[in-house]
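Peer 1: Contents of my_file_24.csv (CSV, C-alpha atoms and all ligand atoms) are below:
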```csv
chain,number,residue,atom,x,y,z
A,32,MET,CA,7.1,-16.1,-14.0
A,33,GLU,CA,8.8,-18.2,-11.4
A,34,ILE,CA,12.1,-16.8,-10.0
A,35,ARG,CA,14.7,-19.3,-8.8
A,36,THR,CA,18.0,-17.7,-9.3
A,37,VAL,CA,18.9,-14.2,-8.4
A,38,GLY,CA,22.0,-12.1,-9.4
A,39,VAL,CA,23.0,-9.3,-7.1
A,40,ILE,CA,25.4,-6.7,-8.5
A,41,GLY,CA,27.3,-4.8,-5.8
A,42,ALA,CA,28.4,-6.5,-2.5
A,43,GLY,CA,28.3,-3.3,-0.3
A,44,GLN,CA,26.0,-2.8,2.6
A,45,MET,CA,22.8,-3.2,0.6
A,46,GLY,CA,24.0,-5.9,-1.8
A,47,ASN,CA,25.2,-8.2,1.0
A,48,GLY,CA,21.9,-7.8,2.9
A,49,ILE,CA,19.9,-8.5,-0.2
A,50,ALA,CA,22.0,-11.7,-0.9
A,51,HIS,CA,21.4,-12.7,2.7
A,52,VAL,CA,17.6,-12.5,2.6
A,53,PHE,CA,17.3,-14.2,-0.8
A,54,ALA,CA,19.5,-17.0,0.3
A,55,THR,CA,17.6,-17.6,3.6
A,56,SER,CA,14.4,-17.6,1.6
A,57,GLY,CA,15.6,-20.5,-0.6
A,58,TYR,CA,16.8,-18.6,-3.8
A,59,ASP,CA,20.1,-19.4,-5.4
A,60,VAL,CA,22.1,-16.2,-5.4
A,61,ARG,CA,25.1,-15.0,-7.4
A,62,LEU,CA,26.7,-12.1,-5.7
A,63,ASN,CA,28.9,-10.0,-8.0
A,64,ASP,CA,31.3,-7.2,-7.4
A,65,ILE,CA,34.4,-5.9,-9.3
A,66,SER,CA,36.4,-6.2,-6.1
A,67,GLN,CA,37.3,-9.7,-4.7
A,68,ASP,CA,38.1,-7.9,-1.3
A,69,THR,CA,34.5,-6.5,-1.2
A,70,LEU,CA,33.1,-9.9,-2.0
A,71,ASP,CA,35.2,-11.6,0.8
A,72,ARG,CA,34.1,-8.9,3.3
A,73,ALA,CA,30.5,-9.3,2.2
A,74,MET,CA,30.6,-13.1,2.7
A,75,ALA,CA,32.1,-12.6,6.2
A,76,LEU,CA,29.4,-10.1,7.0
A,77,ILE,CA,26.6,-12.3,5.8
A,78,GLU,CA,28.0,-15.2,7.9
A,79,GLY,CA,28.2,-12.9,11.0
A,80,ASN,CA,24.6,-11.7,10.5
A,81,LEU,CA,23.4,-15.3,10.0
A,82,ASP,CA,25.2,-16.2,13.2
A,83,ARG,CA,23.3,-13.4,14.9
A,84,GLN,CA,20.0,-14.9,13.7
A,85,VAL,CA,21.1,-18.3,14.9
A,86,SER,CA,21.9,-17.0,18.3
A,87,LYS,CA,18.5,-15.3,18.5
A,88,GLY,CA,16.8,-18.6,17.6
A,89,ARG,CA,15.5,-17.2,14.3
A,90,LEU,CA,17.5,-19.7,12.2
A,91,THR,CA,18.9,-23.1,12.9
A,92,ALA,CA,22.6,-23.9,12.2
A,93,GLU,CA,21.5,-26.1,9.3
A,94,GLU,CA,19.4,-23.2,7.8
A,95,LYS,CA,22.5,-21.0,8.1
A,96,ALA,CA,24.7,-23.5,6.4
A,97,ALA,CA,22.1,-24.0,3.6
A,98,ALA,CA,21.8,-20.3,3.1
A,99,LEU,CA,25.5,-19.8,2.8
A,100,SER,CA,25.8,-22.6,0.4
A,101,ARG,CA,23.2,-20.9,-1.9
A,102,ILE,CA,25.4,-17.8,-2.4
A,103,ARG,CA,28.1,-17.9,-5.0
A,104,ALA,CA,30.4,-14.9,-5.0
A,105,THR,CA,31.9,-13.9,-8.4
A,106,THR,CA,33.8,-11.0,-9.9
A,107,ASP,CA,32.6,-12.2,-13.4
A,108,ILE,CA,29.5,-10.2,-14.4
A,109,ALA,CA,28.8,-12.7,-17.2
A,110,GLN,CA,27.7,-15.2,-14.6
A,111,ILE,CA,24.9,-12.9,-13.6
A,112,GLY,CA,23.3,-12.8,-17.0
A,113,ALA,CA,21.6,-16.2,-16.9
A,114,THR,CA,19.7,-15.6,-13.6
A,115,ASP,CA,15.9,-15.1,-13.5
A,116,LEU,CA,16.2,-11.8,-11.6
A,117,VAL,CA,19.0,-9.3,-11.5
A,118,ILE,CA,19.1,-6.7,-8.6
A,119,GLU,CA,21.6,-3.9,-9.2
A,120,ALA,CA,22.8,-2.6,-5.8
A,121,ALA,CA,25.9,-0.5,-6.7
A,122,THR,CA,26.7,3.0,-5.5
A,123,GLU,CA,24.0,5.7,-6.0
A,124,ASN,CA,25.6,7.0,-9.2
A,125,GLU,CA,23.5,7.1,-12.4
A,126,LYS,CA,26.4,6.9,-14.8
A,127,LEU,CA,27.8,3.8,-13.0
A,128,LYS,CA,24.4,2.1,-13.0
A,129,HIS,CA,24.1,2.7,-16.8
A,130,GLU,CA,27.6,1.2,-17.3
A,131,ILE,CA,26.7,-1.9,-15.2
A,132,PHE,CA,23.5,-2.5,-17.3
A,133,ARG,CA,25.5,-2.0,-20.5
A,134,SER,CA,28.2,-4.5,-19.5
A,135,LEU,CA,25.6,-7.0,-18.4
A,136,ALA,CA,23.6,-6.7,-21.7
A,137,PRO,CA,25.6,-9.2,-23.9
A,138,HIS,CA,25.2,-11.9,-21.2
A,139,LEU,CA,21.5,-11.6,-20.4
A,140,ALA,CA,19.0,-14.3,-21.0
A,141,PRO,CA,15.8,-13.1,-22.8
A,142,LYS,CA,13.6,-13.9,-19.8
A,143,THR,CA,15.7,-12.1,-17.1
A,144,ILE,CA,13.9,-9.4,-15.1
A,145,LEU,CA,16.2,-6.4,-14.4
A,146,THR,CA,15.8,-4.3,-11.3
A,147,SER,CA,17.7,-1.6,-9.5
A,148,ASN,CA,17.9,-1.0,-5.7
A,149,THR,CA,18.4,2.7,-6.4
A,150,SER,CA,17.1,4.9,-3.6
A,151,SER,CA,16.3,7.9,-5.8
A,152,ILE,CA,17.2,7.7,-9.5
A,153,SER,CA,14.6,7.6,-12.2
A,154,ILE,CA,13.6,4.0,-13.0
A,155,THR,CA,12.2,5.1,-16.4
A,156,ARG,CA,15.5,6.6,-17.4
A,157,LEU,CA,17.5,3.5,-16.3
A,158,ALA,CA,15.0,1.2,-18.0
A,159,ALA,CA,15.1,3.1,-21.3
A,160,ALA,CA,18.8,2.5,-21.7
A,161,THR,CA,18.2,-1.3,-21.6
A,162,ASP,CA,16.7,-3.7,-24.2
A,163,ARG,CA,13.8,-4.6,-21.9
A,164,PRO,CA,12.0,-1.6,-20.3
A,165,GLU,CA,8.9,-3.7,-19.8
A,166,ARG,CA,10.9,-6.1,-17.6
A,167,PHE,CA,12.6,-3.4,-15.6
A,168,MET,CA,11.6,-2.2,-12.2
A,169,GLY,CA,12.7,-0.3,-9.0
A,170,PHE,CA,13.2,-2.8,-6.2
A,171,HIS,CA,14.2,-0.8,-3.2
A,172,PHE,CA,15.2,-2.5,0.1
A,173,MET,CA,15.8,-0.8,3.4
A,174,ASN,CA,19.0,-1.0,5.5
A,175,PRO,CA,19.6,-3.3,7.4
A,176,VAL,CA,18.0,-5.5,4.8
A,177,PRO,CA,17.6,-8.6,7.1
A,178,VAL,CA,15.7,-6.6,9.7
A,179,MET,CA,13.6,-4.0,7.8
A,180,GLN,CA,10.2,-5.2,6.7
A,181,LEU,CA,9.6,-2.8,3.7
A,182,VAL,CA,10.4,-3.2,0.0
A,183,GLU,CA,9.4,-0.3,-2.3
A,184,LEU,CA,8.3,-1.5,-5.8
A,185,ILE,CA,8.6,1.3,-8.4
A,186,ARG,CA,7.2,0.9,-11.8
A,187,GLY,CA,8.9,2.7,-14.7
A,188,ILE,CA,6.6,4.1,-17.3
A,189,ALA,CA,7.0,1.0,-19.5
A,190,THR,CA,7.0,-1.7,-16.7
A,191,SER,CA,4.6,-4.5,-17.5
A,192,GLU,CA,1.9,-5.7,-15.1
A,193,GLU,CA,3.4,-9.2,-15.2
A,194,THR,CA,6.8,-7.9,-14.0
A,195,PHE,CA,5.1,-6.0,-11.2
A,196,ARG,CA,3.1,-9.1,-10.1
A,197,THR,CA,6.2,-11.3,-10.3
A,198,LEU,CA,8.1,-9.0,-7.9
A,199,GLU,CA,5.1,-8.7,-5.6
A,200,GLY,CA,5.3,-12.5,-5.3
A,201,VAL,CA,9.0,-12.4,-4.6
A,202,VAL,CA,8.5,-9.9,-1.8
A,203,GLU,CA,5.9,-12.1,-0.3
A,204,ARG,CA,8.2,-15.2,-0.4
A,205,LEU,CA,10.9,-13.1,1.4
A,206,GLY,CA,8.4,-12.5,4.2
A,207,LYS,CA,8.5,-8.8,3.6
A,208,THR,CA,5.9,-6.1,2.8
A,209,ALA,CA,5.7,-4.3,-0.5
A,210,ALA,CA,4.7,-0.7,-1.0
A,211,SER,CA,4.1,0.6,-4.5
A,212,ALA,CA,5.5,4.0,-5.4
A,213,GLU,CA,5.3,6.0,-8.6
A,214,ASP,CA,8.5,6.9,-10.4
A,215,PHE,CA,9.3,10.4,-9.1
A,216,PRO,CA,12.6,11.5,-7.5
A,217,ALA,CA,13.4,9.4,-4.4
A,218,PHE,CA,10.0,7.6,-4.5
A,219,ILE,CA,8.3,7.5,-1.0
A,220,VAL,CA,10.6,6.6,1.8
A,221,ASN,CA,13.6,8.8,0.8
A,222,ARG,CA,11.4,11.7,-0.4
A,223,ILE,CA,10.4,12.0,3.2
A,224,LEU,CA,13.3,10.6,5.2
A,225,ILE,CA,16.3,12.3,3.6
A,226,PRO,CA,14.9,15.8,3.7
A,227,MET,CA,14.2,15.1,7.4
A,228,ILE,CA,17.9,14.3,7.8
A,229,ASN,CA,18.9,17.3,5.7
A,230,GLU,CA,16.7,19.5,8.0
A,231,ALA,CA,18.4,18.0,11.1
A,232,ILE,CA,21.7,19.0,9.5
A,233,TYR,CA,20.4,22.6,8.9
A,234,THR,CA,19.2,22.6,12.6
A,235,LEU,CA,22.8,21.8,13.6
A,236,TYR,CA,24.3,24.3,11.1
A,237,GLU,CA,22.2,27.1,12.4
A,238,GLY,CA,23.2,26.3,16.0
A,239,VAL,CA,19.7,25.4,17.2
A,240,GLY,CA,21.0,22.2,18.8
A,241,SER,CA,24.0,19.9,19.0
A,242,VAL,CA,24.3,16.5,17.3
A,243,GLN,CA,23.5,14.8,20.6
A,244,SER,CA,20.5,17.1,21.5
A,245,ILE,CA,19.0,16.7,18.1
A,246,ASP,CA,19.3,12.9,18.1
A,247,THR,CA,18.0,12.7,21.7
A,248,SER,CA,15.1,14.9,20.7
A,249,LEU,CA,14.0,12.7,17.8
A,250,LYS,CA,14.6,9.5,19.7
A,251,LEU,CA,12.8,10.4,22.9
A,252,GLY,CA,10.4,13.0,21.5
A,253,ALA,CA,9.3,11.2,18.4
A,254,ASN,CA,10.1,7.6,19.2
A,255,HIS,CA,12.6,7.2,16.2
A,256,PRO,CA,14.8,4.2,16.8
A,257,MET,CA,17.8,6.2,15.7
A,258,GLY,CA,18.4,10.0,15.8
A,259,PRO,CA,18.8,11.7,12.4
A,260,PHE,CA,22.6,11.9,12.7
A,261,GLU,CA,23.0,8.3,13.8
A,262,LEU,CA,20.8,7.3,10.8
A,263,ALA,CA,22.7,9.6,8.4
A,264,ASP,CA,26.0,8.0,9.5
A,265,PHE,CA,24.4,4.6,9.1
A,266,ILE,CA,23.0,5.3,5.6
A,267,GLY,CA,26.2,7.0,4.5
A,268,LEU,CA,26.5,10.8,4.1
A,269,ASP,CA,27.5,10.4,0.4
A,270,THR,CA,24.2,8.5,-0.2
A,271,CYS,CA,22.2,11.2,1.7
A,272,LEU,CA,23.8,13.9,-0.4
A,273,ALA,CA,23.3,12.0,-3.7
A,274,ILE,CA,19.6,11.6,-2.8
A,275,MET,CA,19.2,15.3,-1.9
A,276,ASN,CA,20.8,16.2,-5.2
A,277,VAL,CA,18.4,14.0,-7.1
A,278,LEU,CA,15.5,15.7,-5.3
A,279,HIS,CA,16.9,19.2,-5.8
A,280,ASP,CA,17.6,18.6,-9.5
A,281,GLY,CA,14.5,16.6,-10.3
A,282,LEU,CA,11.9,18.8,-8.4
A,283,ALA,CA,13.7,22.2,-8.8
A,284,ASP,CA,12.6,23.4,-5.4
A,285,THR,CA,14.9,25.2,-3.0
A,286,LYS,CA,13.4,23.3,-0.1
A,287,TYR,CA,15.5,20.3,-1.2
A,288,ARG,CA,18.8,22.3,-1.2
A,289,PRO,CA,21.5,20.1,0.4
A,290,CYS,CA,22.8,21.7,3.6
A,291,PRO,CA,26.3,23.1,3.0
A,292,LEU,CA,27.5,21.2,6.1
A,293,LEU,CA,26.4,17.9,4.5
A,294,VAL,CA,28.3,18.9,1.4
A,295,LYS,CA,31.4,19.8,3.4
A,296,TYR,CA,31.4,16.5,5.3
A,297,VAL,CA,31.2,14.5,2.1
A,298,GLU,CA,34.0,16.6,0.6
A,299,ALA,CA,36.1,15.8,3.7
A,300,GLY,CA,35.5,12.1,3.1
A,301,TRP,CA,33.6,11.9,6.4
A,302,LEU,CA,30.9,9.6,5.1
A,303,GLY,CA,29.6,8.0,8.3
A,304,ARG,CA,30.2,4.6,9.8
A,305,LYS,CA,31.8,3.2,6.6
A,306,THR,CA,34.7,5.7,6.9
A,307,GLN,CA,34.7,5.6,10.8
A,308,ARG,CA,33.8,9.2,10.8
A,309,GLY,CA,30.7,11.2,10.2
A,310,PHE,CA,28.6,13.2,12.6
A,311,TYR,CA,30.0,10.8,15.2
A,312,ASP,CA,33.5,9.5,15.5
A,313,TYR,CA,33.7,5.7,15.4
A,314,ARG,CA,37.5,5.4,15.6
B,1,LIG,N1,21.4,-8.7,10.1
B,1,LIG,C1,20.6,-9.5,10.8
B,1,LIG,N2,20.0,-9.0,11.9
B,1,LIG,C2,20.3,-7.8,12.4
B,1,LIG,C3,21.1,-6.9,11.6
B,1,LIG,C4,21.7,-7.4,10.4
B,1,LIG,N3,22.5,-6.6,9.7
B,1,LIG,N4,21.2,-5.7,12.3
B,1,LIG,C5,20.4,-5.8,13.4
B,1,LIG,N5,19.9,-7.1,13.4
B,1,LIG,C6,18.9,-7.6,14.4
B,1,LIG,C7,19.5,-7.8,15.8
B,1,LIG,O1,20.0,-9.1,15.9
B,1,LIG,C8,18.2,-7.7,16.7
B,1,LIG,O2,17.5,-8.9,16.6
B,1,LIG,P1,16.4,-9.2,17.7
B,1,LIG,O3,15.2,-8.3,17.5
B,1,LIG,O4,16.0,-10.6,17.4
B,1,LIG,O5,17.1,-9.0,19.0
B,1,LIG,C9,17.5,-6.6,16.0
B,1,LIG,O6,17.9,-6.6,14.6
B,1,LIG,C10,17.7,-5.2,16.6
B,1,LIG,O7,19.2,-5.0,16.6
B,1,LIG,P2,20.0,-4.5,17.8
B,1,LIG,O8,19.5,-5.0,19.1
B,1,LIG,O9,21.5,-4.8,17.5
B,1,LIG,O10,20.0,-2.9,17.7
B,1,LIG,P3,18.8,-2.0,17.8
B,1,LIG,O11,17.6,-2.5,18.6
B,1,LIG,O12,19.4,-0.7,18.1
B,1,LIG,O13,18.2,-2.0,16.3
B,1,LIG,C11,18.2,-1.2,14.1
B,1,LIG,C12,19.1,-1.7,15.2
B,1,LIG,C13,17.3,-2.3,13.6
B,1,LIG,C14,19.2,-0.8,12.9
B,1,LIG,C15,17.3,0.0,14.6
B,1,LIG,O14,18.2,1.0,15.2
B,1,LIG,C16,16.5,0.7,13.5
B,1,LIG,O15,15.5,0.2,13.1
B,1,LIG,N6,17.1,1.8,13.0
B,1,LIG,C17,16.5,2.5,11.9
B,1,LIG,C18,16.8,1.9,10.6
B,1,LIG,C19,16.2,2.6,9.4
B,1,LIG,O16,15.6,3.6,9.5
B,1,LIG,N7,16.5,2.1,8.2
B,1,LIG,C20,16.1,2.7,7.0
B,1,LIG,C21,17.3,3.5,6.5
B,1,LIG,S1,16.8,4.3,5.0
B,1,LIG,C22,17.0,3.2,3.8
B,1,LIG,O17,17.5,2.1,4.0
B,1,LIG,C23,16.6,3.7,2.5
B,1,LIG,C24,17.7,4.3,1.7
B,1,LIG,O18,17.7,4.1,0.5
B,1,LIG,C25,18.7,5.2,2.2
```
Translate this file's structure into structure tokens.

Peer 2:
Amino acid sequence: MEIRTVGVIGAGQMGNGIAHVFATSGYDVRLNDISQDTLDRAMALIEGNLDRQVSKGRLTAEEKAAALSRIRATTDIAQIGATDLVIEAATENEKLKHEIFRSLAPHLAPKTILTSNTSSISITRLAAATDRPERFMGFHFMNPVPVMQLVELIRGIATSEETFRTLEGVVERLGKTAASAEDFPAFIVNRILIPMINEAIYTLYEGVGSVQSIDTSLKLGANHPMGPFELADFIGLDTCLAIMNVLHDGLADTKYRPCPLLVKYVEAGWLGRKTQRGFYDYR
């Protein structure tokens, strides 16, 4: 199946990055959010990130203008239904994702492929609540989307081979690399990455090292581009906690117990860069 139009639901940090890369690869994009403010902020961010690519010589000014003209921002979810491919990129909350797919259902064209950019939630369960589990997949981009090369493709139990092949083709056209993961809690990247971050938080909690010494250790001792606390603040501590909870509930193993310090930060509303405060202070 040929994909020409893409509907992205959720204009937060993942949604705006996804809209950006689809638009620069020639797809027509409809970017949806319930909040006009979030959409306005997303369009400004996309423009800023496109400018960055122009200044680095990766895009021309004409390509930037063409990409921007391909993105239509809308608060009306009905406008997403007629696209060839929908990518849900809302908050990591299963109930909310079900609600979104439910409100989209009456507007959907029969051919539309549905995907979720969830970083941990069962694709099979999300798919089962729609009318098209065979045309439903996990389509997991990494942050920052315009920079990171990987896209995880996760088949639900009912996903058809045609759907999988179609999305493999889309990833190729985006100039990214696909890795296929089975549908188990948090798939591949986050099954490994988020427990590493959780362990770094335990290392802090138990007084083994400070935020700075742990970050420096991983950056200079293991060549990570960001230390675990910089990365946690970048991903969002609420997202890190949501993923640890999915791992803990889904695999029933105490090794996935979220660190109480992570829980406390989230309860305080210290969610990382997006709230100006996490393990670092950005104010
Ligand atoms: N849009 C476009 N370009 C961007 C960008 C954006 N949002 N952010 C950074 N860039 C570009 C910069 O322009 C720069 O381009 P050049 O190579 O052409 O110079 C390049 O990316 C590097 O950026 P910077 O020089 O500003 O900064 P940096 O060298 O410190 O790199 C980084 C920033 C790419 C974020 C790097 O620190 C990094 O790779 N960090 C790790 C990110 C990571 O692990 N992401 C995965 C998170 S987990 C996830 O996403 C899964 C999940 O579900 C939670």

Peer 1: Just give me the gap between CA of Gly43 in chain A and CA of Leu70 in chain A in Å, one decimal is fine.

Peer 2: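 CA of Leu70 in chain A lies at a distance of 8.3 Å from CA of Gly43 in chain A.
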
Peer 1: Hey, which residues come within 9 Å of ligand LIG 1 (chain B) if we count only C-alpha atoms and all ligand atoms? Could you give them as a VMD selection string?

Peer 2: chain A and resid 44 to 45 48 51 76 to 77 79 to 84 86 to 89 148 to 151 171 to 179 217 220 to 221 224 to 225 255 to 258 261 to 263 265 to 267 270 to 271 274

Peer 1: Between CA of Thr106 in chain A and CA of Asp59 in chain A, what is the distance, to one decimal in Å?

Peer 2: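 Taking CA of Thr106 in chain A and CA of Asp59 in chain A, their separation equals 16.7 Å.
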
Peer 1: With a distance cut-off of 9 Å and all atoms listed in the file, select the neighbouring residues of Ala140 in chain A, excluding the residue or stretch itself and same-chain residues fewer than 6 positions from it, and output the selection as JSON, numbers by chain.

Peer 2: {"A": [112, 113, 114, 115]}

Peer 1: If I take CA of Asn124 in chain A and CA of Phe53 in chain A, how far is one from the other in Å, to one decimal?

Peer 2: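 One can read the CA of Asn124 in chain A to CA of Phe53 in chain A distance as 24.3 Å.
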
Peer 1: Which one of A:Ala189, A:Ala212, A:Val294, A:Ala231 sits closest to Phe260 in chain A if you count all atoms listed in the file?

Peer 2: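 Nearest to Phe260 in chain A: A:Ala231.
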
Peer 1: Would you pick out the contacts of range 201-205 of chain A at 8 Å or less, using all atoms listed in the file, so that residues sharing its chain but fewer than 2 positions from it are not included, and give the list as a PDB file with C-alpha atoms, in the coordinates of the input?

Peer 2:
```
ATOM      1  CA  ILE A  34      12.100 -16.800 -10.000  1.00  0.00           C
ATOM      2  CA  VAL A  52      17.600 -12.500   2.600  1.00  0.00           C
ATOM      3  CA  PHE A  53      17.300 -14.200  -0.800  1.00  0.00           C
ATOM      4  CA  SER A  56      14.400 -17.600   1.600  1.00  0.00           C
ATOM      5  CA  VAL A 182      10.400  -3.200   0.000  1.00  0.00           C
ATOM      6  CA  THR A 197       6.200 -11.300 -10.300  1.00  0.00           C
ATOM      7  CA  LEU A 198       8.100  -9.000  -7.900  1.00  0.00           C
ATOM      8  CA  GLU A 199       5.100  -8.700  -5.600  1.00  0.00           C
ATOM      9  CA  LYS A 207       8.500  -8.800   3.600  1.00  0.00           C
ATOM     10  CA  THR A 208       5.900  -6.100   2.800  1.00  0.00           C
ATOM     11  CA  ALA A 209       5.700  -4.300  -0.500  1.00  0.00           C
TER      12      ALA A 209
END
```

Peer 1: Would you mind listing what lies within 8 Å of range 308-311 of chain A as a list in words, with only C-alpha atoms counted and same-chain residues fewer than 3 positions away left out?

Peer 2: Val242, Phe260, Glu261, Asp264, Leu268, Tyr296, Trp301, Leu302, Gly303, Arg304, Lys305 and Arg314 of chain A

Peer 1: Which residues of range 179-262 of chain A sit at most 12 Å from range 141-145 of chain A, using all atoms listed in the file? Give each one's shortest atom pair and distance in Å (one decimal place), in chain and ascending residue order, as a Markdown table.

Peer 2:
```
| residue | atom | partner | partner_atom | distance |
| --- | --- | --- | --- | --- |
| A:Arg186 | CA | A:Leu145 | CA | 11.9 |
| A:Gly187 | CA | A:Leu145 | CA | 11.7 |
| A:Thr190 | CA | A:Ile144 | CA | 10.5 |
| A:Ser191 | CA | A:Ile144 | CA | 10.8 |
| A:Glu193 | CA | A:Ile144 | CA | 10.5 |
| A:Thr194 | CA | A:Ile144 | CA | 7.3 |
| A:Phe195 | CA | A:Ile144 | CA | 10.2 |
| A:Arg196 | CA | A:Ile144 | CA | 11.9 |
| A:Thr197 | CA | A:Ile144 | CA | 9.3 |
| A:Leu198 | CA | A:Ile144 | CA | 9.3 |
| A:Val201 | CA | A:Ile144 | CA | 12.0 |
```

Peer 1: Could you check the closest approach to Leu99 in chain A for each of A:Glu192, A:Glu78, A:Asp312, A:Glu165 and tell me which residue wins, using only C-alpha atoms?

Peer 2: A:Glu78

Peer 1: For Ser153 in chain A, which residue among A:Arg133, A:Asp214, A:Gly238, A:Leu116 is the nearest when counting all atoms listed in the file?

Peer 2: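 With all atoms listed in the file as the atom set, the closest residue is A:Asp214.
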